[in-house]
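**Q** Below is the file my_file29.cif, with mmCIF, C-alpha atoms.
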```cif
data_protein
#
loop_
_atom_site.label_atom_id
_atom_site.label_comp_id
_atom_site.auth_asym_id
_atom_site.auth_seq_id
_atom_site.Cartn_x
_atom_site.Cartn_y
_atom_site.Cartn_z
CA MET Z 1 -24.53 -101.53 -45.90
CA LYS Z 2 -26.74 -101.02 -48.96
CA TYR Z 3 -25.79 -97.31 -49.13
CA VAL Z 4 -22.09 -98.15 -48.93
CA LYS Z 5 -22.44 -100.40 -51.99
CA TYR Z 6 -24.25 -97.64 -53.89
CA LEU Z 7 -21.62 -95.11 -52.84
CA LEU Z 8 -18.76 -97.40 -53.91
CA GLY Z 9 -20.54 -98.11 -57.20
CA PHE Z 10 -20.98 -94.39 -57.79
CA ILE Z 11 -17.30 -93.72 -57.04
CA VAL Z 12 -16.21 -96.50 -59.42
CA LEU Z 13 -18.50 -95.04 -62.09
CA LEU Z 14 -16.95 -91.58 -61.64
CA ILE Z 15 -13.45 -93.06 -61.93
CA LEU Z 16 -14.41 -94.92 -65.09
CA VAL Z 17 -15.92 -91.77 -66.62
CA PHE Z 18 -12.84 -89.73 -65.66
CA PHE Z 19 -10.31 -92.14 -67.20
CA GLY Z 20 -12.63 -93.06 -70.07
CA ARG Z 21 -12.80 -89.43 -71.11
CA GLY Z 22 -8.98 -89.30 -71.13
CA LEU Z 23 -8.89 -92.36 -73.39
CA LEU Z 24 -11.47 -90.88 -75.76
CA THR Z 25 -9.92 -87.38 -75.76
CA PRO Z 26 -6.13 -87.87 -75.76
CA SER Z 27 -5.48 -84.37 -77.10
CA ILE Z 28 -7.20 -81.00 -77.06
CA TYR Z 29 -7.28 -78.61 -80.01
CA HIS Z 30 -8.50 -75.04 -80.07
CA GLU Z 31 -8.15 -71.90 -82.16
CA SER Z 32 -8.57 -68.21 -81.39
CA GLU Z 33 -8.57 -65.12 -83.58
CA ILE Z 34 -8.52 -61.36 -83.25
CA ILE Z 35 -8.30 -58.44 -85.67
CA VAL Z 36 -5.97 -55.62 -84.71
CA ASN Z 37 -6.18 -52.08 -86.09
CA LYS Z 38 -2.45 -51.88 -86.80
CA PRO Z 39 -0.21 -53.14 -89.63
CA VAL Z 40 1.34 -56.59 -89.42
CA LYS Z 41 4.94 -55.35 -88.94
CA GLU Z 42 3.99 -53.44 -85.81
CA SER Z 43 1.76 -56.25 -84.54
CA TRP Z 44 4.63 -58.74 -84.96
CA ALA Z 45 7.10 -56.40 -83.25
CA VAL Z 46 4.86 -55.92 -80.21
CA MET Z 47 4.08 -59.64 -79.96
CA SER Z 48 7.80 -60.49 -80.18
CA ASP Z 49 8.90 -57.87 -77.65
CA GLU Z 50 10.03 -59.94 -74.65
CA SER Z 51 9.55 -57.01 -72.27
CA LYS Z 52 5.84 -56.93 -73.17
CA LEU Z 53 5.09 -60.64 -72.76
CA PRO Z 54 3.88 -60.25 -69.14
CA LYS Z 55 1.38 -57.65 -70.34
CA TRP Z 56 -0.49 -60.07 -72.58
CA ILE Z 57 0.32 -63.63 -71.46
CA LYS Z 58 -1.37 -64.33 -68.13
CA GLY Z 59 1.10 -65.38 -65.46
CA PHE Z 60 4.22 -64.95 -67.64
CA LYS Z 61 7.27 -64.18 -65.49
CA LYS Z 62 10.40 -64.60 -67.59
CA THR Z 63 12.18 -66.54 -70.29
CA GLU Z 64 15.68 -67.99 -70.12
CA LEU Z 65 17.52 -69.01 -73.30
CA ILE Z 66 19.04 -72.50 -72.95
CA SER Z 67 20.45 -73.07 -76.44
CA GLY Z 68 20.46 -71.52 -79.90
CA THR Z 69 19.85 -67.90 -80.82
CA ALA Z 70 16.74 -66.21 -79.44
CA ASN Z 71 13.79 -65.95 -81.83
CA THR Z 72 15.29 -68.36 -84.38
CA VAL Z 73 14.32 -71.88 -85.40
CA GLY Z 74 15.76 -74.41 -82.98
CA ALA Z 75 16.13 -71.98 -80.08
CA VAL Z 76 15.26 -73.61 -76.75
CA SER Z 77 14.20 -71.55 -73.72
CA LYS Z 78 12.82 -72.14 -70.26
CA ILE Z 79 9.57 -70.25 -69.73
CA TYR Z 80 8.57 -69.38 -66.17
CA VAL Z 81 4.88 -68.86 -65.45
CA ASP Z 82 3.02 -68.06 -62.24
CA ASP Z 83 0.13 -70.52 -62.05
CA ASN Z 84 -2.06 -69.36 -59.14
CA GLY Z 85 0.92 -68.65 -56.88
CA GLN Z 86 2.97 -71.66 -58.00
CA GLU Z 87 5.87 -71.31 -60.38
CA MET Z 88 5.58 -73.55 -63.42
CA VAL Z 89 8.52 -74.08 -65.78
CA MET Z 90 8.18 -75.32 -69.33
CA GLU Z 91 10.62 -75.75 -72.17
CA GLU Z 92 9.90 -73.91 -75.41
CA THR Z 93 11.42 -74.95 -78.73
CA ILE Z 94 10.88 -72.73 -81.76
CA LYS Z 95 9.92 -74.99 -84.66
CA GLU Z 96 9.26 -72.47 -87.42
CA ILE Z 97 9.38 -68.73 -88.01
CA THR Z 98 8.36 -66.71 -91.03
CA LEU Z 99 8.85 -63.04 -90.17
CA ASN Z 100 5.53 -61.15 -89.83
CA GLU Z 101 3.56 -64.33 -90.69
CA LEU Z 102 4.13 -67.36 -88.47
CA MET Z 103 5.75 -68.53 -85.28
CA ALA Z 104 5.38 -72.21 -84.34
CA MET Z 105 6.59 -73.52 -80.99
CA LYS Z 106 6.51 -76.69 -78.93
CA PHE Z 107 6.09 -76.40 -75.15
CA THR Z 108 7.12 -79.37 -73.04
CA MET Z 109 6.53 -79.99 -69.35
CA ASP Z 110 6.01 -83.01 -67.11
CA PHE Z 111 2.22 -82.88 -67.28
CA MET Z 112 1.68 -82.12 -70.97
CA ASP Z 113 3.13 -81.11 -74.32
CA MET Z 114 1.67 -78.36 -76.49
CA ASP Z 115 2.17 -77.44 -80.14
CA TYR Z 116 1.33 -73.76 -80.58
CA GLU Z 117 1.20 -71.61 -83.70
CA ILE Z 118 0.46 -67.95 -84.11
CA HIS Z 119 -0.30 -66.67 -87.62
CA MET Z 120 -0.55 -63.06 -88.76
CA LYS Z 121 -1.96 -61.68 -91.97
CA GLU Z 122 -2.49 -58.05 -93.00
CA ASN Z 123 -5.48 -56.79 -94.92
CA ASP Z 124 -6.16 -53.05 -95.49
CA GLY Z 125 -3.79 -52.00 -92.69
CA LYS Z 126 -5.36 -54.34 -90.15
CA THR Z 127 -3.81 -57.55 -88.87
CA THR Z 128 -5.63 -60.81 -88.29
CA ILE Z 129 -3.91 -62.83 -85.57
CA HIS Z 130 -4.90 -66.48 -85.44
CA SER Z 131 -3.60 -68.99 -82.91
CA LYS Z 132 -3.79 -72.78 -82.98
CA SER Z 133 -3.00 -75.05 -80.08
CA THR Z 134 -2.86 -78.84 -79.72
CA THR Z 135 -2.25 -80.11 -76.20
CA LEU Z 136 -1.44 -83.70 -75.33
CA GLY Z 137 -1.38 -85.00 -71.77
CA ASN Z 138 1.60 -87.10 -70.71
CA GLY Z 139 -0.06 -90.17 -69.26
CA LEU Z 140 -3.66 -91.25 -68.79
CA PHE Z 141 -4.25 -89.11 -65.69
CA ALA Z 142 -2.97 -85.97 -67.47
CA LYS Z 143 -5.06 -86.74 -70.58
CA SER Z 144 -8.13 -87.15 -68.40
CA MET Z 145 -7.48 -83.90 -66.53
CA LEU Z 146 -6.90 -82.00 -69.78
CA SER Z 147 -10.14 -83.31 -71.27
CA PHE Z 148 -12.00 -81.47 -68.50
CA MET Z 149 -9.85 -78.32 -68.87
CA SER Z 150 -10.46 -77.71 -72.57
CA GLY Z 151 -12.92 -74.85 -72.05
CA SER Z 152 -10.70 -73.02 -69.57
CA MET Z 153 -7.66 -73.38 -71.84
CA LYS Z 154 -9.61 -71.89 -74.76
CA SER Z 155 -10.88 -69.06 -72.54
CA GLN Z 156 -7.32 -68.32 -71.40
CA GLU Z 157 -6.08 -68.12 -74.99
CA ASP Z 158 -8.98 -65.83 -75.92
CA GLU Z 159 -8.09 -63.58 -72.97
CA ASN Z 160 -4.38 -63.56 -73.90
CA LEU Z 161 -5.17 -62.56 -77.48
CA GLN Z 162 -7.54 -59.81 -76.33
CA ASN Z 163 -4.71 -58.52 -74.09
CA LEU Z 164 -2.35 -58.65 -77.09
CA LYS Z 165 -4.86 -56.75 -79.25
CA LYS Z 166 -5.13 -54.00 -76.65
CA LEU Z 167 -1.35 -53.85 -76.23
CA ILE Z 168 -0.76 -53.57 -79.97
CA GLU Z 169 -3.46 -50.96 -80.52
CA GLU Z 170 -2.16 -48.84 -77.61
CA ASN Z 171 1.49 -49.28 -78.64
CA THR Z 172 3.65 -46.15 -78.60
CA THR Z 173 7.05 -47.82 -79.08
CA ASP Z 174 8.66 -47.07 -82.43
CA TYR Z 175 10.26 -50.39 -83.33
CA PHE Z 176 11.37 -49.13 -86.72
CA ASP Z 177 13.19 -45.86 -85.89
CA ASP Z 178 16.63 -47.54 -85.82
CA LEU Z 179 15.86 -49.28 -89.08
CA LYS Z 180 14.98 -45.95 -90.74
CA THR Z 181 18.20 -44.37 -89.49
CA GLU Z 182 20.34 -47.26 -90.77
CA THR Z 183 18.59 -47.19 -94.17
CA GLU Z 184 19.01 -43.41 -94.46
CA GLU Z 185 22.73 -43.72 -93.64
CA GLU Z 186 23.21 -46.37 -96.34
CA TYR Z 187 21.80 -44.06 -99.02
CA ASN Z 188 23.70 -40.94 -97.92
#
```
Could you write out this structure as structure tokens?

**A**
Amino acid sequence: MKYVKYLLGFIVLLILVFFGRGLLTPSIYHESEIIVNKPVKESWAVMSDESKLPKWIKGFKKTELISGTANTVGAVSKIYVDDNGQEMVMEETIKEITLNELMAMKFTMDFMDMDYEIHMKENDGKTTIHSKSTTLGNGLFAKSMLSFMSGSMKSQEDENLQNLKKLIEENTTDYFDDLKTETEEEYN
């Protein structure tokens, strides 16, 4: 009987620690950064290329525009992600875009909401890509779970950006050929 009391006390303590951590850490913030050996225009074009998203975002399956115009402020899309064999759907709203500099989005799902920004800046033909993410659990259980997942979320973002770096540096798509042709036609 004595061991049962100790076991129950230990379980209660674990529950208190679990939910206490959620109360003390209601949101998670992390940043990641890479430097790419390509100019910012090309880096932005590769990052924005919807066909290449599965190559750098782990688990990305597809995006489905719900309202607005794709890649503009206010556009809302459903994002489908494979999370260890289970399909997860989140809603993405584009909050801000400055071409070749910034894209800010809000991701909403039942479990959590995330504000995500990706910044780009060119220096000497290289591009620094910096991401910021603030994640807030929806409810005490979600906040508690997220407080224990902070390290894995940061690791995932680091991996995604390393994948993006590789994709950009190995890029062979000429995103600007049509632009050159249109510009040449205007001046002829």

**Q** Rank Z:Lys143, Z:Lys166, Z:Lys126, Z:Lys62 by their smallest atom-to-atom distance to Ile35 in chain Z, using all atoms listed in the file, and report the top residue only.

**A**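 Once distances to Ile35 in chain Z are computed over all atoms listed in the file, the minimum belongs to Z:Lys126.
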
**Q** Could you tell me which of Z:Ile168, Z:Ile66, Z:Val36, Z:Met90 comes closest to Glu122 in chain Z if we count only C-alpha atoms?

**A** Z:Val36

**Q** Got a sec: who's within 12 Å of Asn37 in chain Z, counting all atoms listed in the file, leaving out chain neighbours fewer than 2 positions off, as an mmCIF file with C-alpha atoms, keeping the file's coordinate frame?

**A**
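Output file part04.cif is given in full below:
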```cif
data_model
loop_
_atom_site.group_PDB
_atom_site.id
_atom_site.type_symbol
_atom_site.label_atom_id
_atom_site.label_comp_id
_atom_site.auth_asym_id
_atom_site.auth_seq_id
_atom_site.Cartn_x
_atom_site.Cartn_y
_atom_site.Cartn_z
ATOM 1 C CA ILE Z 34 -8.520 -61.360 -83.250
ATOM 2 C CA ILE Z 35 -8.300 -58.440 -85.670
ATOM 3 C CA PRO Z 39 -0.210 -53.140 -89.630
ATOM 4 C CA VAL Z 40 1.340 -56.590 -89.420
ATOM 5 C CA LYS Z 41 4.940 -55.350 -88.940
ATOM 6 C CA GLU Z 42 3.990 -53.440 -85.810
ATOM 7 C CA SER Z 43 1.760 -56.250 -84.540
ATOM 8 C CA GLU Z 122 -2.490 -58.050 -93.000
ATOM 9 C CA ASN Z 123 -5.480 -56.790 -94.920
ATOM 10 C CA ASP Z 124 -6.160 -53.050 -95.490
ATOM 11 C CA GLY Z 125 -3.790 -52.000 -92.690
ATOM 12 C CA LYS Z 126 -5.360 -54.340 -90.150
ATOM 13 C CA THR Z 127 -3.810 -57.550 -88.870
ATOM 14 C CA THR Z 128 -5.630 -60.810 -88.290
ATOM 15 C CA ILE Z 129 -3.910 -62.830 -85.570
ATOM 16 C CA LEU Z 164 -2.350 -58.650 -77.090
ATOM 17 C CA LYS Z 165 -4.860 -56.750 -79.250
ATOM 18 C CA LYS Z 166 -5.130 -54.000 -76.650
ATOM 19 C CA LEU Z 167 -1.350 -53.850 -76.230
ATOM 20 C CA ILE Z 168 -0.760 -53.570 -79.970
ATOM 21 C CA GLU Z 169 -3.460 -50.960 -80.520
ATOM 22 C CA GLU Z 170 -2.160 -48.840 -77.610
ATOM 23 C CA ASN Z 171 1.490 -49.280 -78.640
#
```

**Q** Considering only C-alpha atoms, can you say which of Z:Ile28, Z:Leu7, Z:Ile94, Z:Met1 comes closest to Gly151 in chain Z?

**A** Z:Ile28

**Q** May I have a table of the residues of range 54-135 of chain Z lying at most 12 Å from range 13-26 of chain Z, giving each one's closest pair of atoms and their distance in Å to one decimal, counting all atoms listed in the file, ordered by chain and ascending residue number, as CSV?

**A**
```
residue,atom,partner,partner_atom,distance
Z:Met112,CA,Z:Pro26,CA,10.8
Z:Asp113,CA,Z:Pro26,CA,11.6
Z:Thr134,CA,Z:Pro26,CA,10.4
Z:Thr135,CA,Z:Pro26,CA,8.7
```

**Q** Apply the PyMOL selection byres ((chain Z and resi 161) around 8) to the displayed file and report the matching residues as a PyMOL selection string.

**A** chain Z and resi 32-34+56+157-160+162-165

**Q** Find the residue from Z:Gln156, Z:Ile118, Z:Gln86, Z:Lys106 that sits nearest to Ile57 in chain Z; use all atoms listed in the file when measuring.

**A** Z:Gln156
